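Peer 1: Just so it is clear, I am handing over structure_8.cif, which has mmCIF, C-alpha atoms.
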```
data_coords
#
loop_
_atom_site.label_atom_id
_atom_site.label_comp_id
_atom_site.auth_asym_id
_atom_site.auth_seq_id
_atom_site.Cartn_x
_atom_site.Cartn_y
_atom_site.Cartn_z
CA MET A 1 -102.53 105.92 -291.55
CA SER A 2 -100.89 108.75 -293.51
CA ASP A 3 -99.45 111.77 -291.73
CA ASN A 4 -102.32 113.95 -292.82
CA GLU A 5 -104.86 111.41 -291.76
CA SER A 6 -103.41 111.02 -288.30
CA LEU A 7 -103.15 114.80 -287.97
CA LEU A 8 -106.78 115.12 -289.05
CA ASN A 9 -107.72 112.53 -286.51
CA ASP A 10 -105.83 114.31 -283.71
CA VAL A 11 -107.25 117.68 -284.59
CA ALA A 12 -110.77 116.29 -284.87
CA ASN A 13 -110.42 114.97 -281.34
CA GLY A 14 -109.31 118.35 -280.03
CA ASP A 15 -105.72 117.21 -279.40
CA LYS A 16 -104.00 120.18 -277.83
CA ILE A 17 -100.49 119.51 -279.07
CA ALA A 18 -101.64 119.11 -282.68
CA LEU A 19 -103.73 122.27 -282.45
CA GLN A 20 -100.87 124.25 -280.94
CA ARG A 21 -98.53 123.11 -283.68
CA LEU A 22 -101.00 124.15 -286.38
CA TYR A 23 -101.51 127.46 -284.67
CA THR A 24 -97.78 128.13 -284.58
CA VAL A 25 -97.27 127.25 -288.23
CA VAL A 26 -100.41 128.57 -289.89
CA PHE A 27 -101.82 131.33 -287.75
CA PRO A 28 -99.10 133.95 -288.45
CA LYS A 29 -99.78 133.64 -292.18
CA ILE A 30 -103.52 133.98 -291.70
CA HIS A 31 -103.04 136.86 -289.34
CA SER A 32 -100.97 138.78 -291.85
CA PHE A 33 -103.35 137.94 -294.70
CA VAL A 34 -106.42 139.10 -292.79
CA LEU A 35 -104.76 142.26 -291.50
CA LYS A 36 -103.63 143.16 -295.00
CA ASN A 37 -107.20 142.72 -296.16
CA LYS A 38 -109.24 145.00 -293.93
CA GLY A 39 -109.42 142.64 -290.96
CA LYS A 40 -108.41 142.66 -287.32
CA GLN A 41 -106.78 140.25 -284.89
CA GLU A 42 -110.18 138.89 -283.82
CA ASP A 43 -111.18 138.30 -287.43
CA ALA A 44 -108.04 136.27 -287.98
CA GLU A 45 -108.78 134.20 -284.87
CA ASP A 46 -112.36 133.68 -285.93
CA VAL A 47 -111.39 132.59 -289.40
CA PHE A 48 -108.72 130.23 -288.07
CA GLN A 49 -111.18 128.59 -285.73
CA LYS A 50 -113.95 128.29 -288.29
CA ALA A 51 -111.73 126.96 -291.06
CA LEU A 52 -110.41 124.29 -288.73
CA MET A 53 -113.95 123.37 -287.72
CA GLN A 54 -114.88 123.17 -291.38
CA ILE A 55 -112.06 120.74 -292.12
CA ILE A 56 -112.91 118.68 -289.06
CA ALA A 57 -116.58 118.53 -290.04
CA ARG A 58 -115.65 117.36 -293.52
CA TYR A 59 -113.40 114.70 -292.04
CA LYS A 60 -116.01 113.53 -289.55
CA VAL A 61 -118.98 113.64 -291.91
CA LYS A 62 -117.39 112.57 -295.17
CA GLY A 63 -113.97 111.19 -294.34
CA LEU A 64 -112.15 114.03 -296.09
CA SER A 65 -108.60 113.20 -297.04
CA ILE A 66 -106.06 115.88 -297.78
CA GLU A 67 -103.63 115.28 -300.63
CA SER A 68 -101.59 118.47 -300.35
CA SER A 69 -100.01 119.69 -297.15
CA PHE A 70 -102.41 120.09 -294.28
CA GLU A 71 -101.08 123.56 -293.54
CA ALA A 72 -101.62 124.76 -297.11
CA PHE A 73 -105.11 123.28 -297.11
CA LEU A 74 -105.96 125.05 -293.88
CA PHE A 75 -104.56 128.33 -295.14
CA THR A 76 -106.68 128.12 -298.31
CA ALA A 77 -109.79 127.40 -296.28
CA CYS A 78 -109.01 130.43 -294.10
CA ARG A 79 -108.39 132.68 -297.07
CA ASN A 80 -111.70 131.69 -298.64
CA LEU A 81 -113.58 132.14 -295.41
CA TRP A 82 -112.20 135.63 -295.05
CA ARG A 83 -113.09 136.43 -298.65
CA ARG A 84 -116.58 135.15 -297.91
CA GLU A 85 -116.83 137.28 -294.79
CA LEU A 86 -115.75 140.42 -296.64
CA ASN A 87 -118.35 139.80 -299.33
CA LYS A 88 -120.99 139.26 -296.70
CA ARG A 89 -120.09 142.54 -295.01
CA LYS A 90 -120.08 144.37 -298.31
CA LYS A 91 -123.59 143.13 -299.01
CA VAL A 92 -124.80 144.24 -295.62
CA VAL A 93 -123.28 147.70 -296.05
CA THR A 94 -124.49 148.33 -299.56
CA ASN A 95 -127.72 146.47 -298.97
CA GLN A 96 -127.37 144.85 -302.37
CA GLU A 97 -129.45 141.90 -301.38
CA VAL A 98 -131.33 140.90 -298.33
CA VAL A 99 -128.71 138.96 -296.42
CA GLU A 100 -130.51 136.05 -294.93
CA LEU A 101 -130.31 135.40 -291.23
CA TYR A 102 -128.39 132.30 -290.34
CA ASN A 103 -127.64 130.80 -287.01
CA GLU A 104 -124.04 129.77 -286.55
CA ALA A 105 -124.44 126.10 -287.45
CA GLU A 106 -126.34 127.03 -290.61
CA ASP A 107 -123.77 129.60 -291.59
CA MET A 108 -120.92 127.16 -291.07
CA THR A 109 -122.81 124.60 -293.12
CA ALA A 110 -123.31 127.05 -295.99
CA ALA A 111 -119.65 128.04 -295.86
CA THR A 112 -118.59 124.40 -295.95
CA LEU A 113 -120.67 123.62 -299.02
CA GLU A 114 -119.43 126.79 -300.71
CA GLN A 115 -115.86 125.75 -300.02
CA GLU A 116 -116.55 122.35 -301.60
CA LYS A 117 -117.90 124.08 -304.67
CA TRP A 118 -114.85 126.31 -304.83
CA GLU A 119 -112.58 123.27 -304.62
CA LEU A 120 -114.42 121.55 -307.46
CA PHE A 121 -114.14 124.63 -309.69
CA GLN A 122 -110.52 125.20 -308.79
CA GLU A 123 -109.56 121.59 -309.36
CA LYS A 124 -111.12 121.59 -312.82
CA LEU A 125 -109.50 124.88 -313.72
CA LEU A 126 -106.13 123.39 -312.93
CA GLU A 127 -106.81 120.43 -315.22
CA LEU A 128 -107.07 122.67 -318.28
CA SER A 129 -104.21 123.33 -320.72
CA GLU A 130 -101.62 125.90 -319.66
CA ASN A 131 -102.91 128.33 -322.24
CA CYS A 132 -106.51 128.02 -321.04
CA LYS A 133 -105.46 128.35 -317.42
CA THR A 134 -103.57 131.56 -318.13
CA LEU A 135 -106.41 133.03 -320.16
CA LEU A 136 -109.12 132.09 -317.70
CA LYS A 137 -107.20 133.32 -314.69
CA LEU A 138 -106.92 136.70 -316.37
CA PHE A 139 -110.55 136.59 -317.40
CA PHE A 140 -111.78 135.75 -313.90
CA LYS A 141 -109.65 138.54 -312.52
CA LYS A 142 -111.73 140.80 -314.75
CA THR A 143 -108.76 141.84 -316.86
CA PRO A 144 -110.11 143.75 -319.90
CA TYR A 145 -109.83 141.87 -323.21
CA LYS A 146 -107.59 144.50 -324.70
CA ASP A 147 -105.09 144.07 -321.85
CA ILE A 148 -105.11 140.32 -322.36
CA VAL A 149 -104.41 140.91 -326.04
CA LYS A 150 -101.36 142.96 -325.16
CA GLN A 151 -100.11 140.79 -322.38
CA LEU A 152 -100.33 137.51 -324.28
CA ARG A 153 -99.63 138.98 -327.73
CA TYR A 154 -102.81 137.97 -329.44
CA ASN A 155 -103.88 139.59 -332.68
CA SER A 156 -107.18 141.02 -331.59
CA ASP A 157 -109.92 141.22 -328.99
CA ASN A 158 -111.91 138.80 -331.00
CA VAL A 159 -109.33 136.07 -330.98
CA VAL A 160 -109.06 136.39 -327.21
CA ARG A 161 -112.81 136.25 -326.78
CA GLN A 162 -113.02 133.12 -328.89
CA ARG A 163 -110.22 131.43 -326.99
CA ILE A 164 -111.82 132.28 -323.69
CA PHE A 165 -115.20 130.95 -324.85
CA ASN A 166 -113.57 127.69 -325.79
CA CYS A 167 -111.66 127.34 -322.56
CA LYS A 168 -114.67 128.27 -320.53
CA SER A 169 -116.91 125.77 -322.24
CA GLN A 170 -114.34 123.06 -321.56
CA LEU A 171 -114.28 124.07 -317.94
CA THR A 172 -118.07 124.12 -317.75
CA LYS A 173 -118.26 120.65 -319.22
CA MET A 174 -115.70 119.27 -316.81
CA ILE A 175 -117.49 120.78 -313.85
CA THR A 176 -120.96 119.63 -314.85
CA ASN A 177 -119.72 116.12 -315.63
CA ASP A 178 -118.24 115.66 -312.18
CA VAL A 179 -120.46 113.69 -309.77
CA ARG A 180 -119.89 116.23 -307.03
CA PHE A 181 -121.56 118.92 -309.08
CA LYS A 182 -124.95 117.26 -308.73
CA HIS A 183 -124.98 117.97 -304.99
CA LEU A 184 -123.58 121.45 -305.31
CA LYS A 185 -125.32 123.04 -308.25
CA GLU A 186 -128.51 124.09 -306.48
CA LEU A 187 -126.60 125.98 -303.82
CA MET B 1 -124.50 126.30 -327.99
CA LYS B 2 -121.72 128.74 -328.64
CA ASP B 3 -124.29 131.44 -329.16
CA VAL B 4 -125.78 130.70 -325.80
CA PHE B 5 -122.43 130.99 -324.07
CA GLU B 6 -121.71 134.21 -325.86
CA HIS B 7 -125.06 135.57 -324.85
CA ILE B 8 -124.61 134.61 -321.24
CA ASP B 9 -121.21 136.26 -321.20
CA ARG B 10 -122.46 139.44 -322.74
CA TYR B 11 -125.45 139.39 -320.42
CA LEU B 12 -123.21 139.17 -317.34
CA ASP B 13 -120.85 141.76 -318.75
CA GLY B 14 -123.78 144.12 -319.30
CA GLU B 15 -123.11 144.26 -323.03
CA LEU B 16 -126.52 143.26 -324.40
CA THR B 17 -128.53 145.94 -326.16
CA ALA B 18 -131.85 146.88 -324.60
CA ALA B 19 -133.77 144.74 -327.07
CA GLU B 20 -131.43 141.78 -326.64
CA LEU B 21 -131.62 142.09 -322.89
CA GLU B 22 -135.39 142.05 -322.90
CA ARG B 23 -135.43 138.94 -325.06
CA PHE B 24 -132.76 137.25 -322.96
CA GLU B 25 -134.55 137.90 -319.71
CA GLU B 26 -137.82 136.61 -321.10
CA GLU B 27 -136.08 133.45 -322.21
CA LEU B 28 -134.35 133.17 -318.84
CA GLN B 29 -137.69 133.21 -317.03
CA LEU B 30 -139.01 130.32 -319.08
CA ASN B 31 -135.95 128.18 -319.50
CA PRO B 32 -134.61 126.34 -316.43
CA GLU B 33 -131.66 125.00 -318.36
CA LEU B 34 -130.59 128.51 -319.24
CA GLN B 35 -131.06 129.51 -315.60
CA ASP B 36 -128.66 126.74 -314.59
CA GLN B 37 -126.13 127.86 -317.15
CA VAL B 38 -126.30 131.48 -316.04
CA LYS B 39 -125.97 130.43 -312.43
CA LEU B 40 -122.93 128.28 -313.14
CA GLU B 41 -121.29 131.08 -315.08
CA LYS B 42 -121.98 133.52 -312.26
CA ASP B 43 -120.64 131.07 -309.68
CA MET B 44 -117.48 130.51 -311.70
CA ARG B 45 -116.91 134.19 -312.12
CA ALA B 46 -117.29 134.81 -308.41
CA LEU B 47 -115.50 131.81 -306.96
CA LEU B 48 -112.60 131.85 -309.40
CA SER B 49 -111.94 135.55 -309.05
CA ASP B 50 -109.67 136.51 -306.19
CA GLU B 51 -112.16 138.79 -304.54
CA ASP B 52 -115.76 137.80 -304.93
CA TRP B 53 -117.65 134.97 -303.37
CA ILE B 54 -121.08 133.46 -303.82
CA LEU B 55 -123.18 132.92 -300.74
CA ALA B 56 -125.21 129.74 -301.06
CA ASN B 57 -128.96 129.92 -301.19
CA LYS B 58 -130.35 129.27 -297.73
CA ALA B 59 -133.21 127.03 -298.80
CA ALA B 60 -130.90 124.95 -300.98
CA VAL B 61 -128.49 124.52 -298.09
CA ALA B 62 -131.33 123.41 -295.83
CA ASP B 63 -132.52 120.93 -298.47
CA SER B 64 -129.12 119.49 -299.22
CA GLU B 65 -128.55 116.01 -297.77
CA GLU B 66 -124.92 116.77 -297.20
CA GLY B 67 -125.83 120.10 -295.66
CA LYS B 68 -128.06 118.35 -293.14
CA ARG B 69 -125.21 116.11 -292.07
CA PHE B 70 -122.81 119.03 -291.69
CA LYS B 71 -125.34 120.98 -289.71
CA ALA B 72 -125.95 118.05 -287.39
CA TYR B 73 -122.22 117.84 -286.77
CA TYR B 74 -121.86 121.56 -286.12
CA GLN B 75 -124.70 121.40 -283.61
CA SER B 76 -123.28 118.39 -281.77
CA THR B 77 -121.69 118.53 -278.34
CA GLU B 78 -118.67 116.91 -279.90
CA ALA B 79 -118.22 119.89 -282.23
CA ASP B 80 -118.71 122.27 -279.30
CA GLU B 81 -115.95 120.55 -277.41
CA VAL B 82 -113.52 120.70 -280.31
CA LYS B 83 -114.38 124.34 -280.85
CA ASN B 84 -113.63 125.09 -277.23
CA SER B 85 -110.27 123.31 -277.50
CA ILE B 86 -109.36 125.45 -280.50
CA ALA B 87 -110.46 128.61 -278.71
CA ALA B 88 -108.39 127.61 -275.69
CA VAL B 89 -105.29 127.12 -277.84
CA ILE B 90 -105.80 130.52 -279.48
CA ALA B 91 -106.27 132.25 -276.14
CA ASP B 92 -103.32 130.46 -274.62
CA ARG B 93 -100.93 131.30 -277.45
CA LYS B 94 -102.08 134.86 -277.63
CA ASN B 95 -101.42 135.12 -273.95
CA ASN B 96 -97.89 133.85 -274.47
CA ASP B 97 -97.24 136.36 -277.22
CA ARG B 98 -98.62 139.09 -275.14
CA ARG B 99 -96.83 138.33 -271.92
CA LYS B 100 -93.64 140.03 -273.02
CA PHE B 101 -95.46 143.32 -273.50
CA ILE B 102 -97.35 143.17 -270.27
CA TRP B 103 -94.50 144.20 -267.97
CA LEU B 104 -93.95 147.31 -269.99
CA SER B 105 -97.51 148.48 -269.72
CA ILE B 106 -98.46 147.18 -266.32
CA ALA B 107 -97.25 150.12 -264.28
CA ALA B 108 -98.91 152.65 -266.53
CA SER B 109 -102.26 150.90 -266.67
CA PHE B 110 -102.25 150.34 -262.95
CA ALA B 111 -101.88 154.01 -262.32
CA VAL B 112 -104.70 154.82 -264.73
CA LEU B 113 -106.93 152.19 -263.19
CA LEU B 114 -106.33 153.42 -259.69
CA ALA B 115 -107.18 156.93 -260.69
CA SER B 116 -110.34 156.01 -262.54
CA THR B 117 -111.47 153.63 -259.83
CA PHE B 118 -111.13 156.40 -257.32
CA VAL B 119 -113.15 158.81 -259.38
CA ILE B 120 -115.91 156.43 -260.26
CA PHE B 121 -116.32 154.42 -257.12
CA LYS B 122 -115.24 156.64 -254.31
CA ASP B 123 -118.73 156.82 -252.87
CA GLY B 124 -120.38 153.82 -254.40
CA GLY B 125 -120.98 150.20 -253.55
CA THR B 126 -120.94 147.30 -255.91
CA SER B 127 -124.33 148.16 -257.35
CA ASP B 128 -122.66 151.04 -259.18
CA LEU B 129 -120.58 148.43 -260.92
CA TYR B 130 -123.74 146.64 -261.91
CA ALA B 131 -125.11 149.85 -263.38
CA GLU B 132 -121.91 150.48 -265.23
CA TYR B 133 -121.57 147.04 -266.71
CA ILE B 134 -125.11 145.93 -267.41
CA ASN B 135 -125.24 146.79 -271.04
CA LYS B 136 -128.68 145.98 -272.33
CA GLU B 137 -127.80 147.16 -275.81
CA GLU B 138 -125.40 144.27 -276.27
CA LEU B 139 -128.17 141.71 -275.90
CA PRO B 140 -128.92 139.99 -279.19
CA SER B 141 -132.47 140.61 -280.28
CA MET B 142 -134.88 137.72 -279.99
CA ILE B 143 -137.23 139.01 -282.61
CA THR B 144 -136.87 136.41 -285.34
CA ARG B 145 -139.26 134.21 -287.17
CA ASN B 146 -138.78 131.38 -284.71
CA SER B 147 -141.45 129.55 -282.79
CA GLY B 148 -143.32 131.41 -280.11
CA GLY B 149 -142.52 134.67 -281.90
CA GLY B 150 -145.60 136.58 -280.81
CA ILE B 151 -145.18 136.46 -277.09
CA LEU B 152 -141.41 136.82 -277.20
CA ASP B 153 -141.66 139.89 -279.41
CA LYS B 154 -144.03 141.44 -276.95
CA ALA B 155 -141.88 140.52 -273.97
CA GLN B 156 -138.81 141.96 -275.59
CA SER B 157 -140.40 145.24 -276.49
CA LEU B 158 -141.69 145.61 -272.91
CA PHE B 159 -138.15 144.93 -271.78
CA ASP B 160 -136.76 147.47 -274.22
CA ASN B 161 -139.19 150.00 -272.80
CA GLU B 162 -137.98 149.16 -269.30
CA ASN B 163 -141.39 147.89 -268.26
CA TYR B 164 -139.83 144.99 -266.40
CA LYS B 165 -142.90 143.88 -264.44
CA GLU B 166 -144.94 143.25 -267.57
CA ALA B 167 -141.92 141.86 -269.39
CA ILE B 168 -141.52 139.31 -266.58
CA LYS B 169 -145.13 138.13 -266.96
CA ASN B 170 -144.67 137.63 -270.68
CA PHE B 171 -141.30 135.90 -270.42
CA GLU B 172 -142.66 133.60 -267.71
CA ASN B 173 -145.61 132.76 -269.92
CA TYR B 174 -143.34 132.09 -272.85
CA GLN B 175 -141.09 129.77 -270.89
CA SER B 176 -143.96 127.82 -269.40
CA GLN B 177 -145.58 127.34 -272.80
CA SER B 178 -142.58 126.50 -274.94
CA GLU B 179 -141.04 123.11 -275.42
CA VAL B 180 -137.83 124.52 -276.79
CA ILE B 181 -136.82 127.63 -274.96
CA ASN B 182 -134.77 130.33 -276.63
CA PRO B 183 -131.71 130.60 -274.34
CA LEU B 184 -131.70 134.38 -274.74
CA SER B 185 -134.97 134.48 -272.84
CA TYR B 186 -133.07 133.35 -269.73
CA ILE B 187 -130.90 136.42 -270.00
CA TYR B 188 -133.79 138.78 -270.65
CA LEU B 189 -135.94 137.37 -267.86
CA GLY B 190 -132.96 137.21 -265.52
CA ILE B 191 -132.15 140.88 -266.04
CA SER B 192 -135.81 141.78 -265.65
CA TYR B 193 -135.81 140.03 -262.27
CA LEU B 194 -132.64 141.89 -261.32
CA GLU B 195 -134.24 145.19 -262.19
CA VAL B 196 -137.12 144.52 -259.80
CA GLY B 197 -134.81 143.11 -257.12
CA ALA B 198 -135.84 139.45 -257.40
CA TYR B 199 -132.33 138.10 -257.00
CA SER B 200 -132.87 134.42 -256.43
CA LYS B 201 -135.22 134.19 -259.38
CA ALA B 202 -132.61 135.99 -261.47
CA LYS B 203 -129.93 133.54 -260.40
CA ASN B 204 -132.22 130.69 -261.27
CA GLN B 205 -132.53 132.01 -264.83
CA PHE B 206 -128.79 132.38 -265.24
CA ASN B 207 -128.24 128.88 -263.91
CA LEU B 208 -130.71 127.59 -266.47
CA LEU B 209 -128.73 129.52 -269.07
CA ALA B 210 -125.53 127.80 -267.94
CA LYS B 211 -127.19 124.43 -268.31
CA SER B 212 -128.71 125.22 -271.70
CA ASN B 213 -125.57 123.97 -273.43
CA THR B 214 -125.89 126.55 -276.18
CA LEU B 215 -123.61 129.27 -277.43
CA GLN B 216 -125.25 131.60 -274.96
CA SER B 217 -124.46 129.42 -271.96
CA GLU B 218 -120.92 130.72 -271.66
CA LYS B 219 -122.43 134.08 -270.72
CA ALA B 220 -124.01 132.68 -267.55
CA ASN B 221 -121.06 133.50 -265.27
CA TRP B 222 -121.05 137.07 -266.46
CA TYR B 223 -124.70 137.58 -265.53
CA LEU B 224 -124.28 135.74 -262.23
CA LEU B 225 -121.47 138.17 -261.50
CA LEU B 226 -123.70 141.15 -262.27
CA THR B 227 -126.34 139.63 -259.98
CA SER B 228 -123.98 139.45 -257.03
CA LEU B 229 -122.79 143.00 -257.74
CA LYS B 230 -126.32 144.35 -257.81
CA GLN B 231 -127.07 142.46 -254.63
CA GLY B 232 -123.93 143.81 -252.99
CA ASN B 233 -122.53 140.36 -252.30
CA ARG B 234 -118.80 140.96 -252.66
CA ARG B 235 -117.67 137.52 -251.62
CA GLU B 236 -119.81 135.79 -254.17
CA ALA B 237 -118.73 138.31 -256.79
CA GLN B 238 -115.09 137.45 -256.07
CA GLN B 239 -115.78 133.75 -256.44
CA ILE B 240 -117.51 134.19 -259.78
CA LEU B 241 -114.78 136.54 -260.94
CA ASN B 242 -112.21 133.87 -260.24
CA ARG B 243 -114.16 131.45 -262.38
CA ILE B 244 -114.37 133.92 -265.25
CA LEU B 245 -110.72 134.89 -265.03
CA GLN B 246 -109.56 131.29 -265.28
CA SER B 247 -109.60 131.57 -269.05
CA GLU B 248 -108.99 134.50 -271.32
CA SER B 249 -111.59 133.19 -273.69
CA SER B 250 -114.35 133.68 -271.10
CA TYR B 251 -117.15 135.96 -272.09
CA HIS B 252 -116.21 139.56 -271.15
CA TYR B 253 -112.87 138.53 -269.73
CA ASP B 254 -111.49 142.08 -270.01
CA LYS B 255 -114.47 143.63 -268.28
CA ALA B 256 -114.25 141.04 -265.51
CA LEU B 257 -110.61 141.97 -265.04
CA ALA B 258 -111.53 145.63 -264.71
CA ILE B 259 -114.24 144.77 -262.17
CA LYS B 260 -111.79 142.71 -260.14
CA LYS B 261 -109.42 145.65 -259.98
CA ALA B 262 -112.26 147.94 -259.01
CA LEU B 263 -113.29 145.65 -256.17
CA GLU B 264 -109.81 145.44 -254.70
#
```
Turn this file's structure into structure tokens for me.
Peer 2:
Amino acid sequence: MSDNESLLNDVANGDKIALQRLYTVVFPKIHSFVLKNKGKQEDAEDVFQKALMQIIARYKVKGLSIESSFEAFLFTACRNLWRRELNKRKKVVTNQEVVELYNEAEDMTAATLEQEKWELFQEKLLELSENCKTLLKLFFKKTPYKDIVKQLRYNSDNVVRQRIFNCKSQLTKMITNDVRFKHLKEL
Amino acid sequence: MKDVFEHIDRYLDGELTAAELERFEEELQLNPELQDQVKLEKDMRALLSDEDWILANKAAVADSEEGKRFKAYYQSTEADEVKNSIAAVIADRKNNDRRKFIWLSIAASFAVLLASTFVIFKDGGTSDLYAEYINKEELPSMITRNSGGGILDKAQSLFDNENYKEAIKNFENYQSQSEVINPLSYIYLGISYLEVGAYSKAKNQFNLLAKSNTLQSEKANWYLLLTSLKQGNRREAQQILNRILQSESSYHYDKALAIKKALE
């Protein structure tokens, strides 16, 4: 059993020592991330608990294995959950859409599937060429074309647009060709 | 193909002319493949940005095979137990972090508490505490589209209008007719009983709540405490308080602490 696997197993069984260790290592980072991003102590605690539950559920239901460090994986799950929560709140406040009522188990389920989708997208993005990665990261950050032109010293808007189209269609193809996408696309 | 991508991009960037937009939206209505492409592009834009997020469609989540398995896990007792272990670790650690600050503030808060206790309770019994702490506004609403909606809606609105006698009839009806009982109804009916002075019936409801093994069940001790306060049973109140104060993650731990101080 690898270190991550035995840690997953301990955590999934509610092992106090393992949980305390994770709390000591990861929680301070989550706490500072959440507080820097419009959240409070309780939000950080909530996110920590839910992200751990999400990982445990994926381990129990699907035998998730973690290739990177467990701590980094947990932190990413927390960060995404907090991003999700902020978007949910924004929608409630601005009433952009009718936010559907979920009970807790349903909401956790939705968040888990969304996280899986995020991982698929992210993984494929990282498989692209360096140039595509750089361009797409800027594009997804909503950087205006003209700023990308300047930053990466392209000749014109048009060249940048074309490059981004190409990179994005590669990414799309890679995502849609992955078996996982079949289960996630309707969500 | 390239044209399609370009169109989707310009559509999402709001760059299509009015005529183009009209045509695109017409096409979108009729073409499921295009709908998929637009959805994927939207999802990518949201999930791969640093800020946005896409909330999954509820019906699709409910339909998803994987979703069903996750949901079953999240609803299991096993998951509840793990969740409680995590909550206990959080509470425990927080307590450790906090301990060093406590000595600094303890004298000050004690003085404040003594003063406020004196002002509020100088001529009252424990039922004043009940009145202070029974906060009906914090009760989650039961009006949803769940089973038994009709009668529960009615019961709740009677409750909201403080017509407890009629509310009791409706809640009793609901509970006797339903196979799966909404655990919140135990709280509502319990408080209704309290309001008309039917203490043992109220306790019975809160005990059922404790046994319901739902997210609401952790609130049972809190309502049992309010019951003993309303009834004026100090000894029982102390016992329940001790149970609540065993763990900082208990429901309304802070309020329980304040009540304990007030009773001393």
Peer 1: For a test of reading the model, state the distance in Å between atom CA of Leu30 of chain B and atom CA of Leu12 of chain B, rounded to one decimal.
Peer 2: 18.2 Å
Peer 1: Check every residue of chain B for an atom within 8 Å of chain A, counting all atoms listed in the file, and provide those that qualify as a ChimeraX atom specification.
Peer 2: /B:2,5-6,40,44-58,60-61,64,66-67,69-71,73-75,79,81-83,85-87,89-90,93
Peer 1: Can you list, as an NGL selection string, the residues that the PyMOL selection byres ((chain B and resi 221) around 8) selects here?
Peer 2: :B and (206 or 210 or 218-220 or 222-225 or 240 or 243-244)
Peer 1: Name the residues that the PyMOL selection byres ((chain B and resi 188) around 10) picks from the file above, as a list in words, using the file's chain letters and numbers.
Peer 2: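 Here the PyMOL selection byres ((chain B and resi 188) around 10) matches Lys136, Leu139, Pro140, Ser141, Met142, Ala155, Gln156, Phe159, Asp160, Tyr164, Ala167, Ile168, Phe171, Pro183, Leu184, Ser185, Tyr186, Ile187, Leu189, Gly190, Ile191, Ser192, Tyr193, Leu194, Ala202, Gln205 and Phe206 of chain B.
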Peer 1: Given only C-alpha atoms as the basis, pick out the residue of A:Pro144, A:Gln151, A:Glu130, A:Phe181 nearest to Glu116 of chain A.
Peer 2: A:Phe181
Peer 1: In Å, how far is it from atom CA of Ala72 of chain A to atom CA of Ala51 of chain A?
Peer 2: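 A separation of 12.0 Å between them.
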Peer 1: To one decimal in Å, tell me the separation between atom CA of Glu137 of chain B and atom CA of Asp43 of chain A.
Peer 2: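 Result for atom CA of Glu137 of chain B versus atom CA of Asp43 of chain A: 22.1 Å, one decimal.
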Peer 1: Name the closest residue to Glu27 of chain B among the candidates B:Val4, B:Tyr130, B:Lys230, B:Gly14; distances are taken between atoms, counting only C-alpha atoms.
Peer 2: B:Val4
Peer 1: Please identify all polymer residues within 8 Å of Asn170 of chain B, counting all atoms listed in the file, omitting same-chain residues fewer than 4 positions from it, and present them as a PyMOL selection string.
Peer 2: chain B and resi 151-152+154-155+166+174
Peer 1: Dump C-alpha atoms for the selected residues as a PDB file, in the frame of the given file?
Peer 2:
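Dumped to again-v1.pdb:
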```pdb
ATOM      1  CA  ILE B 151    -145.180 136.460-277.090  1.00  0.00           C
ATOM      2  CA  LEU B 152    -141.410 136.820-277.200  1.00  0.00           C
ATOM      3  CA  LYS B 154    -144.030 141.440-276.950  1.00  0.00           C
ATOM      4  CA  ALA B 155    -141.880 140.520-273.970  1.00  0.00           C
ATOM      5  CA  GLU B 166    -144.940 143.250-267.570  1.00  0.00           C
ATOM      6  CA  TYR B 174    -143.340 132.090-272.850  1.00  0.00           C
TER       7      TYR B 174
END
```
Peer 1: Residues at most 8 Å from Cys167 of chain A, counting all atoms listed in the file, excluding those fewer than 3 positions away in the same chain, as a VMD selection string?
Peer 2: chain A and resid 128 132 136 163 to 164 170 to 171
Peer 1: Got a sec: who's within 12 Å of Gln246 of chain B, counting all atoms listed in the file, leaving out chain neighbours fewer than 2 positions off, as a list in words?
Peer 2: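 Here the qualifying residues turn out to be Ala88, Ala91, Asp92, Asn221, Gln239, Ile240, Leu241, Asn242, Arg243, Ile244, Glu248, Ser249, Ser250, Tyr251, Tyr253, Asp254, Ala256 and Leu257 of chain B.
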Peer 1: Take every atom of segment 17-20 of chain A listed in the file, pad by 5 Å on each side, and give me the axis-aligned box centre and edge lengths in Å, one decimal, as JSON.
Peer 2:
```
{"center_x": -102.1, "center_y": 121.7, "center_z": -280.9, "size_x": 13.2, "size_y": 15.1, "size_z": 13.6}
```
Peer 1: Nearest residue to Ile181 of chain B out of B:Ile8, B:Leu208, B:Leu226, B:Ala19, using all atoms listed in the file?
Peer 2: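 That would be B:Leu208, the residue with the smallest distance to Ile181 of chain B.
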